[in-house]
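**Student:** Questions regarding the structure given below will be posed in turn.
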Amino acid sequence: MTTLRAGVVAVQGDVSEHADAVERAAAAHGVDAEIVEIRSDGLVPDCDVLLMPGGESTTISRLLEREGIANEIRAHVDAGKPVLATCAGLIVASRDAKDDRVTTLDLLDVTVDRNAFGRQVDSFEAPLDVAGLDSPFPAVFIRAPLIDEVGDGVEVLAEWDGNPVAVRDGPVVGTSFHPELTPDSRIHDLAFFDELAVEVDA
């Protein structure tokens with residue numbers, strides 16, 4: 001693979017920051033990244049990886065269903081292709097958001113509590129020890145969801161204050177924090193370029 005086709009779900013959320021992060025991660029592997037903004041159906045099937053950014057989870061889930069994107073994302077994961085879901089993206093990707101207004105995709109065998117870490121004014125940054133990284137990651141939490149139940153097949157990659165804040169379930173990585181809001185692209189690298197994810201030709 002010389003070009004990585006990365007779809008960023010762009011129905012709502014911080015698209016440009018994720019695009020920059022995946023481009024940096026790809027460049028570190030000598031790969032060009034082609035960014036595809038996903039706002040309608042028909043685009044996901046041609047993507048190698050997907051990013052599900054933050055935003056407002058009820059709005060995101062409604063638009064994914066309305067535009068026919070939700071089932072394409074499920075098929076992407078069923079095919080073993082990687083997904084990185086952050087903050088509200090994590091909520092939508094979960095098994096249960098504990099909120100009837102959110103239609104979850106059931107990509108991650110976790111339950112979440114929306115905005116558990118407080119309001120936007122309560123946002124904070126914390127150094128996280130993340131499995132697979134050799135030094136702490138500067139995680140930015142903004143109205144972050146709490147992962148309060150993890151299925152047996154889910155790997156916890158990082159915890160904060162005794163709670164999981166980064167998990168992996170097969171090809172899907174979910175984070176409570178916003179890894180795109182830092183110049184450190186190691187979470188995108190972990191999601192897309194480790195041995196479970198995208199194989200890059202030498």
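Here, A, B, ... name the chains of the structure tokens in the order displayed, residue numbers run from 1 inside each chain, and ligands are numbered from 1 in the same displayed order.
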Extract the full set of strand (DSSP E or B) residues from chain A according to DSSP on the backbone, and format it as a ChimeraX atom specification.
**Tutor:** /A:3-9,32-38,49-52,83-86,94-96,108-113,124-128,137-141,146-150,155-160,163-169,172-175
**Student:** Leaving out Glu149 in chain A and any residue of its chain fewer than 3 positions from it, which residues lie within 9 Å of it when counting only C-alpha atoms, given as a PDB file with N, CA, C and O atoms, in the first residue's frame?
**Tutor:**
```
ATOM      1  N   ASP A 109     -17.686  -3.480  22.332  1.00  0.00           N
ATOM      2  CA  ASP A 109     -18.463  -4.129  23.387  1.00  0.00           C
ATOM      3  C   ASP A 109     -18.216  -3.412  24.715  1.00  0.00           C
ATOM      4  O   ASP A 109     -17.604  -3.949  25.642  1.00  0.00           O
ATOM      5  N   VAL A 110     -18.692  -2.165  24.775  1.00  0.00           N
ATOM      6  CA  VAL A 110     -18.582  -1.345  25.980  1.00  0.00           C
ATOM      7  C   VAL A 110     -19.882  -0.581  26.169  1.00  0.00           C
ATOM      8  O   VAL A 110     -20.635  -0.354  25.220  1.00  0.00           O
ATOM      9  N   THR A 111     -20.149  -0.189  27.416  1.00  0.00           N
ATOM     10  CA  THR A 111     -21.212   0.765  27.692  1.00  0.00           C
ATOM     11  C   THR A 111     -20.564   2.060  28.155  1.00  0.00           C
ATOM     12  O   THR A 111     -19.467   2.051  28.727  1.00  0.00           O
ATOM     13  N   VAL A 112     -21.239   3.168  27.885  1.00  0.00           N
ATOM     14  CA  VAL A 112     -20.655   4.467  28.196  1.00  0.00           C
ATOM     15  C   VAL A 112     -21.665   5.353  28.903  1.00  0.00           C
ATOM     16  O   VAL A 112     -22.879   5.213  28.733  1.00  0.00           O
ATOM     17  N   PRO A 164     -11.465   3.012  32.367  1.00  0.00           N
ATOM     18  CA  PRO A 164     -10.927   2.884  31.005  1.00  0.00           C
ATOM     19  C   PRO A 164     -11.223   4.139  30.189  1.00  0.00           C
ATOM     20  O   PRO A 164     -12.349   4.658  30.233  1.00  0.00           O
TER      21      PRO A 164
END
```
**Student:** If DSSP is run on the backbone, what residues of range 3-189 of chain A are helix (DSSP H, G or I)? A reply as a PyMOL selection string would be ideal.
**Tutor:** chain A and resi 15-28+44-46+57-66+70-78+88-93+120-122+179-181+186-189
**Student:** Could you tell me how far CA of Ala139 in chain A lies from CA of Ser61 in chain A, in Å and to one decimal?
**Tutor:**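 One can read the CA of Ala139 in chain A to CA of Ser61 in chain A distance as 24.5 Å.
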**Student:** Give me, as a count of residues only, all polymer residues having an atom no more than 12 Å from range 122-126 of chain A, counting only C-alpha atoms and skipping those fewer than 5 positions away in the same chain.
**Tutor:** 24
**Student:** What does the distance between CA of Val172 in chain A and CA of Ala79 in chain A come to in Å, to one decimal place?
**Tutor:**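 These two atoms are separated by 11.6 Å.
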**Student:** Find the residues near range 3-7 of chain A: any atom within 10 Å, counting only C-alpha atoms, skip ones fewer than 4 places away on the same chain, and give them as an MDAnalysis selection string.
**Tutor:** chainID A and resid 15 18:19 22:23 26 30:39 43:52 82:83 192 198 200
**Student:** Any idea what's packed within 8 Å of Val154 in chain A, counting only C-alpha atoms, ignoring anything in its chain fewer than 4 positions away? Could you give it as a compact mmCIF listing (two decimals) with C-alpha atoms, in the first residue's frame?
**Tutor:**
```
# COMPACT_ATOMS: atom_id res chain seq x y z
CA LEU A 108 -17.27 -1.77 20.65
CA ASP A 109 -18.46 -4.13 23.39
CA VAL A 110 -18.58 -1.34 25.98
CA VAL A 150 -16.09 -3.51 29.17
CA VAL A 167 -10.05 0.46 24.42
CA ARG A 168 -9.62 -1.90 21.48
CA ASP A 169 -12.20 -4.38 20.24
CA GLY A 170 -10.87 -6.16 17.17
```
**Student:** Which residues are close to Leu133 in chain A, i.e. within 12 Å by only C-alpha atoms, leaving aside same-chain residues fewer than 6 positions away? Reply as a ChimeraX atom specification.
**Tutor:** /A:127,157-158,184-191,194
**Student:** Between CA of His76 in chain A and CA of Arg24 in chain A, measure the distance and give it in Å to one decimal.
**Tutor:**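 Atom-to-atom, CA of His76 in chain A and CA of Arg24 in chain A are spaced 23.0 Å apart.
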**Student:** Pick out the residues sitting within 7 Å of range 68-71 of chain A, and hand them over as a PyMOL selection string; count only C-alpha atoms, and ignore anything fewer than 2 positions along from it in its own chain.
**Tutor:** chain A and resi 40-41+64-66+73-75+105
